[in-house]
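Undergrad: To start, I am sharing the structure in question, which I have written as structure tokens.
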Amino acid sequence: LSRFIALQRNKTAVNIGLEQRVKEFGQDKFYAEGGLLWCKTCNEPVDHVRRQTITDHLGTKKHTERANKQQHEATNDPTSSKRQSTITGCIEQSTAATAAKDTLVMELVEAFMAANIPLEKVDNPTMRSFMQKNLKGGGGIPQANTLRELQWCEKLFAPFLISYSFACLSHKMILIIKHI
């Protein structure tokens, strides 16, 4: 009886990954996101473990109708491609955008401080329109008072203060910091 049970094991391809299935069936039909295999035509997830499930999906009436409809729309409007995102994909994109914005603001504050330019110049209407036009994410740069509230200056000044204090340990000195 134990040999009979051993023979009835489920024969699924556990070692086949999402990216392998995307390569096998083509990047024009499927993409991998959030641990799921997504059909680009139907905008829905497909089980990637069994190959037969994917081929069955490609042969369904629903898929072929949508593929024909999208092919017809693509001839009329080539920019009509839509793609559904998972929640984790949206969060990853949001996190990456936030990190890029933080880096941009940090580098801007650092450049202004290095050039001895007051942060109030960020509020100048001409400067703001220039940043919106020419910097990717330039419209998301906060105003000068927000830059001071969020301690952007303190984040940049702390490493300098630490290195400066180590360099001057043998000397007696007074350091006056004016917080605006």
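In the structure tokens, chains take letters A, B, ... by order of appearance, with residues numbered from 1 within each chain and ligands from 1 in the order shown.
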Which residues come within 9 Å of Gly140 of chain A, counting only C-alpha atoms, excluding same-chain residues fewer than 6 positions away, as a PDB file with C-alpha atoms, in the first residue's frame?
TA:
ATOM      1  CA  LYS A 101      12.825  62.415  -4.286  1.00  0.00           C
ATOM      2  CA  VAL A 105      16.184  67.134  -2.154  1.00  0.00           C
ATOM      3  CA  GLN A 132       9.707  71.972 -12.414  1.00  0.00           C
TER       4      GLN A 132
END
Undergrad: Going by DSSP on the backbone, which bits of segment 31-166 of chain A are strand (DSSP E)? Write them as a PyMOL selection string, please.
TA: chain A and resi 31-33+36-39+44-46
Undergrad: Now that the selection is made, can you save its residues with N, CA, C and O atoms as a compact mmCIF listing (two decimals), in the first residue's frame?
TA:
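Done, and the output landed in part_29.txt:
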# COMPACT_ATOMS: atom_id res chain seq x y z
N TYR A 31 4.26 38.42 -17.95
CA TYR A 31 5.28 39.09 -17.14
C TYR A 31 5.14 38.62 -15.70
O TYR A 31 4.08 38.15 -15.29
N ALA A 32 6.23 38.70 -14.96
CA ALA A 32 6.26 38.26 -13.57
C ALA A 32 6.32 39.48 -12.66
O ALA A 32 7.15 40.36 -12.85
N GLU A 33 5.39 39.50 -11.69
CA GLU A 33 5.37 40.58 -10.71
C GLU A 33 4.69 40.10 -9.45
O GLU A 33 3.64 39.47 -9.51
N LEU A 36 3.81 36.35 -8.98
CA LEU A 36 2.76 35.79 -9.83
C LEU A 36 3.13 35.94 -11.30
O LEU A 36 3.86 36.86 -11.68
N LEU A 37 2.60 35.05 -12.11
CA LEU A 37 2.74 35.13 -13.56
C LEU A 37 1.49 35.79 -14.10
O LEU A 37 0.38 35.28 -13.90
N TRP A 38 1.64 36.93 -14.76
CA TRP A 38 0.51 37.70 -15.24
C TRP A 38 0.40 37.59 -16.76
O TRP A 38 1.39 37.73 -17.47
N CYS A 39 -0.81 37.37 -17.24
CA CYS A 39 -1.09 37.38 -18.68
C CYS A 39 -1.29 38.84 -19.09
O CYS A 39 -2.14 39.54 -18.53
N GLU A 44 -4.63 39.21 -15.82
CA GLU A 44 -4.95 38.38 -14.65
C GLU A 44 -3.84 37.35 -14.43
O GLU A 44 -3.13 36.98 -15.36
N PRO A 45 -3.70 36.91 -13.17
CA PRO A 45 -2.63 35.95 -12.88
C PRO A 45 -2.95 34.55 -13.40
O PRO A 45 -4.11 34.15 -13.46
N VAL A 46 -1.89 33.84 -13.76
CA VAL A 46 -2.00 32.46 -14.25
C VAL A 46 -1.03 31.61 -13.44
O VAL A 46 0.10 32.04 -13.17
Undergrad: Quick one: residues within 9 Å of segment 48-62 of chain A, only C-alpha atoms counted, chain neighbours fewer than 3 positions away excluded, as an MDAnalysis selection string?
TA: chainID A and resid 12:18 21 25 36:37 39 42 45 65:67
Undergrad: Residues of segment 40-155 of chain A classed as helix (DSSP H, G or I) by DSSP on the backbone are to be reported as an mmCIF file with N, CA, C and O atoms, in the first residue's frame.
TA:
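So part.cif came out as:
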data_model
loop_
_atom_site.group_PDB
_atom_site.id
_atom_site.type_symbol
_atom_site.label_atom_id
_atom_site.label_comp_id
_atom_site.auth_asym_id
_atom_site.auth_seq_id
_atom_site.Cartn_x
_atom_site.Cartn_y
_atom_site.Cartn_z
ATOM 1 N N ARG A 51 2.872 23.664 -16.763
ATOM 2 C CA ARG A 51 2.905 24.206 -18.120
ATOM 3 C C ARG A 51 1.532 24.089 -18.791
ATOM 4 O O ARG A 51 1.113 24.972 -19.530
ATOM 5 N N GLN A 52 0.853 23.005 -18.526
ATOM 6 C CA GLN A 52 -0.443 22.767 -19.152
ATOM 7 C C GLN A 52 -1.472 23.834 -18.758
ATOM 8 O O GLN A 52 -2.310 24.219 -19.561
ATOM 9 N N THR A 53 -1.387 24.342 -17.548
ATOM 10 C CA THR A 53 -2.313 25.398 -17.106
ATOM 11 C C THR A 53 -2.124 26.647 -17.958
ATOM 12 O O THR A 53 -3.095 27.303 -18.342
ATOM 13 N N ILE A 54 -0.893 26.953 -18.283
ATOM 14 C CA ILE A 54 -0.607 28.135 -19.095
ATOM 15 C C ILE A 54 -1.092 27.936 -20.527
ATOM 16 O O ILE A 54 -1.730 28.819 -21.108
ATOM 17 N N THR A 55 -0.826 26.763 -21.091
ATOM 18 C CA THR A 55 -1.284 26.506 -22.470
ATOM 19 C C THR A 55 -2.808 26.445 -22.531
ATOM 20 O O THR A 55 -3.398 26.890 -23.523
ATOM 21 N N ASP A 56 -3.440 25.916 -21.478
ATOM 22 C CA ASP A 56 -4.906 25.921 -21.434
ATOM 23 C C ASP A 56 -5.436 27.348 -21.403
ATOM 24 O O ASP A 56 -6.426 27.679 -22.062
ATOM 25 N N HIS A 57 -4.773 28.210 -20.635
ATOM 26 C CA HIS A 57 -5.209 29.609 -20.559
ATOM 27 C C HIS A 57 -5.084 30.281 -21.926
ATOM 28 O O HIS A 57 -5.980 31.020 -22.340
ATOM 29 N N LEU A 58 -3.966 30.025 -22.607
ATOM 30 C CA LEU A 58 -3.769 30.633 -23.928
ATOM 31 C C LEU A 58 -4.804 30.158 -24.939
ATOM 32 O O LEU A 58 -5.093 30.860 -25.908
ATOM 33 N N LYS A 61 -11.330 30.756 -24.848
ATOM 34 C CA LYS A 61 -12.072 31.670 -25.707
ATOM 35 C C LYS A 61 -11.887 33.119 -25.239
ATOM 36 O O LYS A 61 -11.712 34.030 -26.045
ATOM 37 N N LYS A 62 -11.913 33.287 -23.930
ATOM 38 C CA LYS A 62 -11.758 34.614 -23.341
ATOM 39 C C LYS A 62 -10.416 35.229 -23.740
ATOM 40 O O LYS A 62 -10.345 36.394 -24.149
ATOM 41 N N HIS A 63 -9.337 34.446 -23.654
ATOM 42 C CA HIS A 63 -8.012 34.943 -23.989
ATOM 43 C C HIS A 63 -7.906 35.270 -25.480
ATOM 44 O O HIS A 63 -7.371 36.321 -25.853
ATOM 45 N N THR A 64 -8.387 34.386 -26.327
ATOM 46 C CA THR A 64 -8.270 34.623 -27.774
ATOM 47 C C THR A 64 -9.104 35.831 -28.202
ATOM 48 O O THR A 64 -8.670 36.607 -29.056
ATOM 49 N N GLU A 65 -10.282 36.020 -27.604
ATOM 50 C CA GLU A 65 -11.096 37.194 -27.933
ATOM 51 C C GLU A 65 -10.394 38.478 -27.518
ATOM 52 O O GLU A 65 -10.372 39.459 -28.269
ATOM 53 N N ARG A 66 -9.827 38.469 -26.310
ATOM 54 C CA ARG A 66 -9.118 39.661 -25.844
ATOM 55 C C ARG A 66 -7.864 39.922 -26.685
ATOM 56 O O ARG A 66 -7.529 41.068 -26.953
ATOM 57 N N ALA A 67 -7.166 38.871 -27.082
ATOM 58 C CA ALA A 67 -5.974 39.034 -27.916
ATOM 59 C C ALA A 67 -6.345 39.644 -29.263
ATOM 60 O O ALA A 67 -5.665 40.551 -29.754
ATOM 61 N N ASN A 68 -7.435 39.166 -29.861
ATOM 62 C CA ASN A 68 -7.890 39.725 -31.135
ATOM 63 C C ASN A 68 -8.313 41.179 -30.978
ATOM 64 O O ASN A 68 -8.016 42.019 -31.834
ATOM 65 N N LYS A 69 -9.010 41.478 -29.874
ATOM 66 C CA LYS A 69 -9.462 42.848 -29.624
ATOM 67 C C LYS A 69 -8.266 43.784 -29.428
ATOM 68 O O LYS A 69 -8.247 44.880 -29.993
ATOM 69 N N GLN A 70 -7.268 43.328 -28.659
ATOM 70 C CA GLN A 70 -6.094 44.159 -28.435
ATOM 71 C C GLN A 70 -5.275 44.340 -29.711
ATOM 72 O O GLN A 70 -4.710 45.397 -29.946
ATOM 73 N N GLN A 71 -5.242 43.299 -30.538
ATOM 74 C CA GLN A 71 -4.508 43.414 -31.800
ATOM 75 C C GLN A 71 -5.208 44.426 -32.708
ATOM 76 O O GLN A 71 -4.558 45.233 -33.370
ATOM 77 N N HIS A 72 -6.535 44.425 -32.700
ATOM 78 C CA HIS A 72 -7.295 45.378 -33.502
ATOM 79 C C HIS A 72 -7.092 46.803 -32.974
ATOM 80 O O HIS A 72 -6.922 47.746 -33.751
ATOM 81 N N GLU A 73 -7.093 46.959 -31.637
ATOM 82 C CA GLU A 73 -6.874 48.279 -31.033
ATOM 83 C C GLU A 73 -5.447 48.766 -31.266
ATOM 84 O O GLU A 73 -5.217 49.960 -31.421
ATOM 85 N N ALA A 74 -4.497 47.849 -31.271
ATOM 86 C CA ALA A 74 -3.096 48.224 -31.454
ATOM 87 C C ALA A 74 -2.847 48.782 -32.852
ATOM 88 O O ALA A 74 -1.980 49.640 -33.034
ATOM 89 N N THR A 75 -3.589 48.303 -33.830
ATOM 90 C CA THR A 75 -3.419 48.841 -35.181
ATOM 91 C C THR A 75 -3.972 50.259 -35.260
ATOM 92 O O THR A 75 -3.457 51.081 -36.003
ATOM 93 N N ASN A 76 -5.009 50.558 -34.462
ATOM 94 C CA ASN A 76 -5.585 51.907 -34.454
ATOM 95 C C ASN A 76 -4.834 52.858 -33.521
ATOM 96 O O ASN A 76 -4.652 54.024 -33.834
ATOM 97 N N ILE A 87 -0.288 45.039 -5.592
ATOM 98 C CA ILE A 87 -0.100 45.997 -4.504
ATOM 99 C C ILE A 87 1.375 46.109 -4.152
ATOM 100 O O ILE A 87 1.891 47.208 -3.954
ATOM 101 N N THR A 88 2.060 44.963 -4.111
ATOM 102 C CA THR A 88 3.489 45.007 -3.784
ATOM 103 C C THR A 88 4.266 45.757 -4.859
ATOM 104 O O THR A 88 5.208 46.483 -4.546
ATOM 105 N N GLY A 89 3.875 45.603 -6.119
ATOM 106 C CA GLY A 89 4.533 46.339 -7.197
ATOM 107 C C GLY A 89 4.331 47.838 -7.057
ATOM 108 O O GLY A 89 5.258 48.629 -7.260
ATOM 109 N N CYS A 90 3.108 48.241 -6.689
ATOM 110 C CA CYS A 90 2.828 49.670 -6.476
ATOM 111 C C CYS A 90 3.626 50.212 -5.304
ATOM 112 O O CYS A 90 4.146 51.327 -5.361
ATOM 113 N N ILE A 91 3.711 49.424 -4.228
ATOM 114 C CA ILE A 91 4.466 49.862 -3.054
ATOM 115 C C ILE A 91 5.948 49.988 -3.400
ATOM 116 O O ILE A 91 6.613 50.946 -2.991
ATOM 117 N N GLU A 92 6.477 49.036 -4.183
ATOM 118 C CA GLU A 92 7.881 49.106 -4.583
ATOM 119 C C GLU A 92 8.140 50.348 -5.427
ATOM 120 O O GLU A 92 9.150 51.037 -5.246
ATOM 121 N N GLN A 93 7.231 50.660 -6.364
ATOM 122 C CA GLN A 93 7.395 51.847 -7.193
ATOM 123 C C GLN A 93 7.303 53.112 -6.356
ATOM 124 O O GLN A 93 8.062 54.060 -6.551
ATOM 125 N N SER A 94 6.376 53.130 -5.406
ATOM 126 C CA SER A 94 6.213 54.282 -4.526
ATOM 127 C C SER A 94 7.445 54.479 -3.659
ATOM 128 O O SER A 94 7.918 55.603 -3.469
ATOM 129 N N THR A 95 7.974 53.381 -3.137
ATOM 130 C CA THR A 95 9.169 53.454 -2.301
ATOM 131 C C THR A 95 10.366 53.963 -3.110
ATOM 132 O O THR A 95 11.140 54.791 -2.626
ATOM 133 N N ALA A 96 10.494 53.477 -4.334
ATOM 134 C CA ALA A 96 11.600 53.922 -5.188
ATOM 135 C C ALA A 96 11.454 55.406 -5.529
ATOM 136 O O ALA A 96 12.443 56.148 -5.530
ATOM 137 N N ALA A 97 10.229 55.853 -5.793
ATOM 138 C CA ALA A 97 9.990 57.264 -6.108
ATOM 139 C C ALA A 97 10.292 58.144 -4.902
ATOM 140 O O ALA A 97 10.879 59.225 -5.038
ATOM 141 N N THR A 98 9.907 57.695 -3.713
ATOM 142 C CA THR A 98 10.177 58.457 -2.492
ATOM 143 C C THR A 98 11.677 58.561 -2.243
ATOM 144 O O THR A 98 12.189 59.631 -1.893
ATOM 145 N N ALA A 99 12.393 57.457 -2.446
ATOM 146 C CA ALA A 99 13.841 57.470 -2.258
ATOM 147 C C ALA A 99 14.508 58.407 -3.267
ATOM 148 O O ALA A 99 15.450 59.140 -2.914
ATOM 149 N N ALA A 100 14.035 58.402 -4.510
ATOM 150 C CA ALA A 100 14.599 59.283 -5.534
ATOM 151 C C ALA A 100 14.344 60.744 -5.179
ATOM 152 O O ALA A 100 15.223 61.604 -5.347
ATOM 153 N N LYS A 101 13.147 61.044 -4.678
ATOM 154 C CA LYS A 101 12.825 62.415 -4.286
ATOM 155 C C LYS A 101 13.688 62.849 -3.113
ATOM 156 O O LYS A 101 14.210 63.964 -3.093
ATOM 157 N N ASP A 102 13.848 61.983 -2.114
ATOM 158 C CA ASP A 102 14.685 62.312 -0.963
ATOM 159 C C ASP A 102 16.129 62.577 -1.383
ATOM 160 O O ASP A 102 16.770 63.507 -0.885
ATOM 161 N N THR A 103 16.630 61.771 -2.304
ATOM 162 C CA THR A 103 17.992 61.969 -2.806
ATOM 163 C C THR A 103 18.119 63.304 -3.529
ATOM 164 O O THR A 103 19.093 64.040 -3.332
ATOM 165 N N LEU A 104 17.115 63.629 -4.357
ATOM 166 C CA LEU A 104 17.126 64.893 -5.088
ATOM 167 C C LEU A 104 17.129 66.069 -4.123
ATOM 168 O O LEU A 104 17.931 67.006 -4.271
ATOM 169 N N VAL A 105 16.258 66.032 -3.109
ATOM 170 C CA VAL A 105 16.184 67.134 -2.154
ATOM 171 C C VAL A 105 17.477 67.240 -1.354
ATOM 172 O O VAL A 105 17.996 68.340 -1.136
ATOM 173 N N MET A 106 18.016 66.111 -0.933
ATOM 174 C CA MET A 106 19.255 66.116 -0.160
ATOM 175 C C MET A 106 20.400 66.711 -0.984
ATOM 176 O O MET A 106 21.176 67.534 -0.472
ATOM 177 N N GLU A 107 20.509 66.321 -2.249
ATOM 178 C CA GLU A 107 21.572 66.843 -3.100
ATOM 179 C C GLU A 107 21.376 68.329 -3.390
ATOM 180 O O GLU A 107 22.348 69.081 -3.477
ATOM 181 N N LEU A 108 20.126 68.765 -3.523
ATOM 182 C CA LEU A 108 19.844 70.180 -3.751
ATOM 183 C C LEU A 108 20.250 71.008 -2.534
ATOM 184 O O LEU A 108 20.917 72.042 -2.670
ATOM 185 N N VAL A 109 19.868 70.561 -1.345
ATOM 186 C CA VAL A 109 20.229 71.279 -0.115
ATOM 187 C C VAL A 109 21.749 71.294 0.046
ATOM 188 O O VAL A 109 22.333 72.321 0.400
ATOM 189 N N GLU A 110 22.397 70.164 -0.247
ATOM 190 C CA GLU A 110 23.852 70.085 -0.145
ATOM 191 C C GLU A 110 24.521 71.063 -1.112
ATOM 192 O O GLU A 110 25.485 71.756 -0.756
ATOM 193 N N ALA A 111 23.993 71.149 -2.345
ATOM 194 C CA ALA A 111 24.559 72.070 -3.340
ATOM 195 C C ALA A 111 24.355 73.519 -2.911
ATOM 196 O O ALA A 111 25.264 74.349 -3.041
ATOM 197 N N PHE A 112 23.162 73.842 -2.393
ATOM 198 C CA PHE A 112 22.893 75.197 -1.937
ATOM 199 C C PHE A 112 23.804 75.556 -0.769
ATOM 200 O O PHE A 112 24.328 76.662 -0.700
ATOM 201 N N MET A 113 24.015 74.634 0.157
ATOM 202 C CA MET A 113 24.872 74.905 1.307
ATOM 203 C C MET A 113 26.327 75.054 0.876
ATOM 204 O O MET A 113 27.044 75.918 1.376
ATOM 205 N N ALA A 114 26.784 74.230 -0.052
ATOM 206 C CA ALA A 114 28.170 74.298 -0.513
ATOM 207 C C ALA A 114 28.442 75.599 -1.266
ATOM 208 O O ALA A 114 29.536 76.156 -1.183
ATOM 209 N N LEU A 119 18.524 78.958 1.432
ATOM 210 C CA LEU A 119 17.443 78.047 1.018
ATOM 211 C C LEU A 119 16.190 78.795 0.578
ATOM 212 O O LEU A 119 15.349 78.226 -0.119
ATOM 213 N N GLU A 120 16.046 80.061 0.952
ATOM 214 C CA GLU A 120 14.883 80.852 0.548
ATOM 215 C C GLU A 120 14.810 81.033 -0.968
ATOM 216 O O GLU A 120 13.750 81.293 -1.517
ATOM 217 N N LYS A 121 15.951 80.869 -1.640
ATOM 218 C CA LYS A 121 15.972 81.000 -3.103
ATOM 219 C C LYS A 121 15.151 79.901 -3.783
ATOM 220 O O LYS A 121 14.748 80.049 -4.932
ATOM 221 N N VAL A 122 14.885 78.811 -3.067
ATOM 222 C CA VAL A 122 14.049 77.737 -3.609
ATOM 223 C C VAL A 122 12.622 78.234 -3.812
ATOM 224 O O VAL A 122 11.908 77.781 -4.705
ATOM 225 N N ASP A 123 12.197 79.213 -2.982
ATOM 226 C CA ASP A 123 10.832 79.736 -3.054
ATOM 227 C C ASP A 123 10.646 80.757 -4.166
ATOM 228 O O ASP A 123 9.509 81.149 -4.459
ATOM 229 N N PRO A 125 9.766 82.291 -7.522
ATOM 230 C CA PRO A 125 8.901 81.726 -8.574
ATOM 231 C C PRO A 125 9.658 81.317 -9.836
ATOM 232 O O PRO A 125 9.352 80.278 -10.441
ATOM 233 N N THR A 126 10.650 82.085 -10.227
ATOM 234 C CA THR A 126 11.429 81.741 -11.417
ATOM 235 C C THR A 126 12.244 80.478 -11.176
ATOM 236 O O THR A 126 12.304 79.593 -12.045
ATOM 237 N N MET A 127 12.853 80.382 -9.997
ATOM 238 C CA MET A 127 13.636 79.194 -9.647
ATOM 239 C C MET A 127 12.740 77.956 -9.571
ATOM 240 O O MET A 127 13.106 76.884 -10.039
ATOM 241 N N ARG A 128 11.548 78.115 -8.986
ATOM 242 C CA ARG A 128 10.622 76.987 -8.856
ATOM 243 C C ARG A 128 10.155 76.503 -10.231
ATOM 244 O O ARG A 128 10.105 75.302 -10.491
ATOM 245 N N SER A 129 9.816 77.430 -11.144
ATOM 246 C CA SER A 129 9.390 77.010 -12.486
ATOM 247 C C SER A 129 10.541 76.352 -13.247
ATOM 248 O O SER A 129 10.336 75.397 -13.995
ATOM 249 N N PHE A 130 11.781 76.851 -13.042
ATOM 250 C CA PHE A 130 12.949 76.231 -13.662
ATOM 251 C C PHE A 130 13.111 74.791 -13.186
ATOM 252 O O PHE A 130 13.356 73.889 -13.979
ATOM 253 N N MET A 131 12.980 74.574 -11.867
ATOM 254 C CA MET A 131 13.138 73.227 -11.322
ATOM 255 C C MET A 131 12.028 72.297 -11.815
ATOM 256 O O MET A 131 12.271 71.129 -12.089
ATOM 257 N N GLN A 132 10.806 72.807 -11.929
ATOM 258 C CA GLN A 132 9.707 71.972 -12.414
ATOM 259 C C GLN A 132 9.915 71.554 -13.860
ATOM 260 O O GLN A 132 9.588 70.434 -14.246
ATOM 261 N N LYS A 133 10.467 72.444 -14.667
ATOM 262 C CA LYS A 133 10.680 72.143 -16.081
ATOM 263 C C LYS A 133 11.877 71.227 -16.308
ATOM 264 O O LYS A 133 11.824 70.328 -17.137
ATOM 265 N N ASN A 134 12.966 71.476 -15.598
ATOM 266 C CA ASN A 134 14.240 70.851 -15.935
ATOM 267 C C ASN A 134 14.693 69.725 -15.029
ATOM 268 O O ASN A 134 15.620 69.008 -15.382
ATOM 269 N N GLY A 138 11.174 67.741 -10.005
ATOM 270 C CA GLY A 138 11.451 69.083 -9.501
ATOM 271 C C GLY A 138 10.248 69.761 -8.885
ATOM 272 O O GLY A 138 10.386 70.647 -8.052
ATOM 273 N N GLY A 139 9.049 69.340 -9.277
ATOM 274 C CA GLY A 139 7.848 69.917 -8.688
ATOM 275 C C GLY A 139 7.622 69.439 -7.273
ATOM 276 O O GLY A 139 6.834 70.019 -6.531
ATOM 277 N N GLY A 140 8.309 68.381 -6.865
ATOM 278 C CA GLY A 140 8.132 67.839 -5.524
ATOM 279 C C GLY A 140 9.126 68.385 -4.516
ATOM 280 O O GLY A 140 9.189 67.902 -3.393
ATOM 281 N N ALA A 144 11.341 76.316 1.378
ATOM 282 C CA ALA A 144 12.498 76.486 2.255
ATOM 283 C C ALA A 144 12.173 76.183 3.711
ATOM 284 O O ALA A 144 12.937 75.509 4.403
ATOM 285 N N ASN A 145 11.012 76.658 4.193
ATOM 286 C CA ASN A 145 10.696 76.402 5.605
ATOM 287 C C ASN A 145 10.474 74.916 5.872
ATOM 288 O O ASN A 145 10.819 74.416 6.946
ATOM 289 N N THR A 146 9.970 74.175 4.901
ATOM 290 C CA THR A 146 9.796 72.732 5.059
ATOM 291 C C THR A 146 11.146 72.028 5.065
ATOM 292 O O THR A 146 11.342 71.072 5.812
ATOM 293 N N LEU A 147 12.064 72.511 4.254
ATOM 294 C CA LEU A 147 13.406 71.924 4.249
ATOM 295 C C LEU A 147 14.066 72.063 5.616
ATOM 296 O O LEU A 147 14.755 71.164 6.073
ATOM 297 N N ARG A 148 13.830 73.175 6.263
ATOM 298 C CA ARG A 148 14.397 73.358 7.606
ATOM 299 C C ARG A 148 13.644 72.528 8.636
ATOM 300 O O ARG A 148 14.234 71.985 9.560
ATOM 301 N N GLU A 149 12.325 72.410 8.489
ATOM 302 C CA GLU A 149 11.527 71.624 9.442
ATOM 303 C C GLU A 149 11.890 70.147 9.389
ATOM 304 O O GLU A 149 11.873 69.464 10.387
ATOM 305 N N TRP A 152 16.690 68.642 6.927
ATOM 306 C CA TRP A 152 17.581 68.277 5.826
ATOM 307 C C TRP A 152 18.966 68.843 6.089
ATOM 308 O O TRP A 152 19.978 68.192 5.837
ATOM 309 N N CYS A 153 19.010 70.074 6.607
ATOM 310 C CA CYS A 153 20.308 70.703 6.899
ATOM 311 C C CYS A 153 21.031 69.940 8.000
ATOM 312 O O CYS A 153 22.239 69.764 7.942
ATOM 313 N N GLU A 154 20.277 69.524 9.009
ATOM 314 C CA GLU A 154 20.900 68.803 10.115
ATOM 315 C C GLU A 154 21.449 67.451 9.655
ATOM 316 O O GLU A 154 22.481 67.001 10.134
ATOM 317 N N LYS A 155 20.756 66.796 8.734
ATOM 318 C CA LYS A 155 21.250 65.517 8.205
ATOM 319 C C LYS A 155 22.587 65.705 7.501
ATOM 320 O O LYS A 155 23.473 64.859 7.578
#
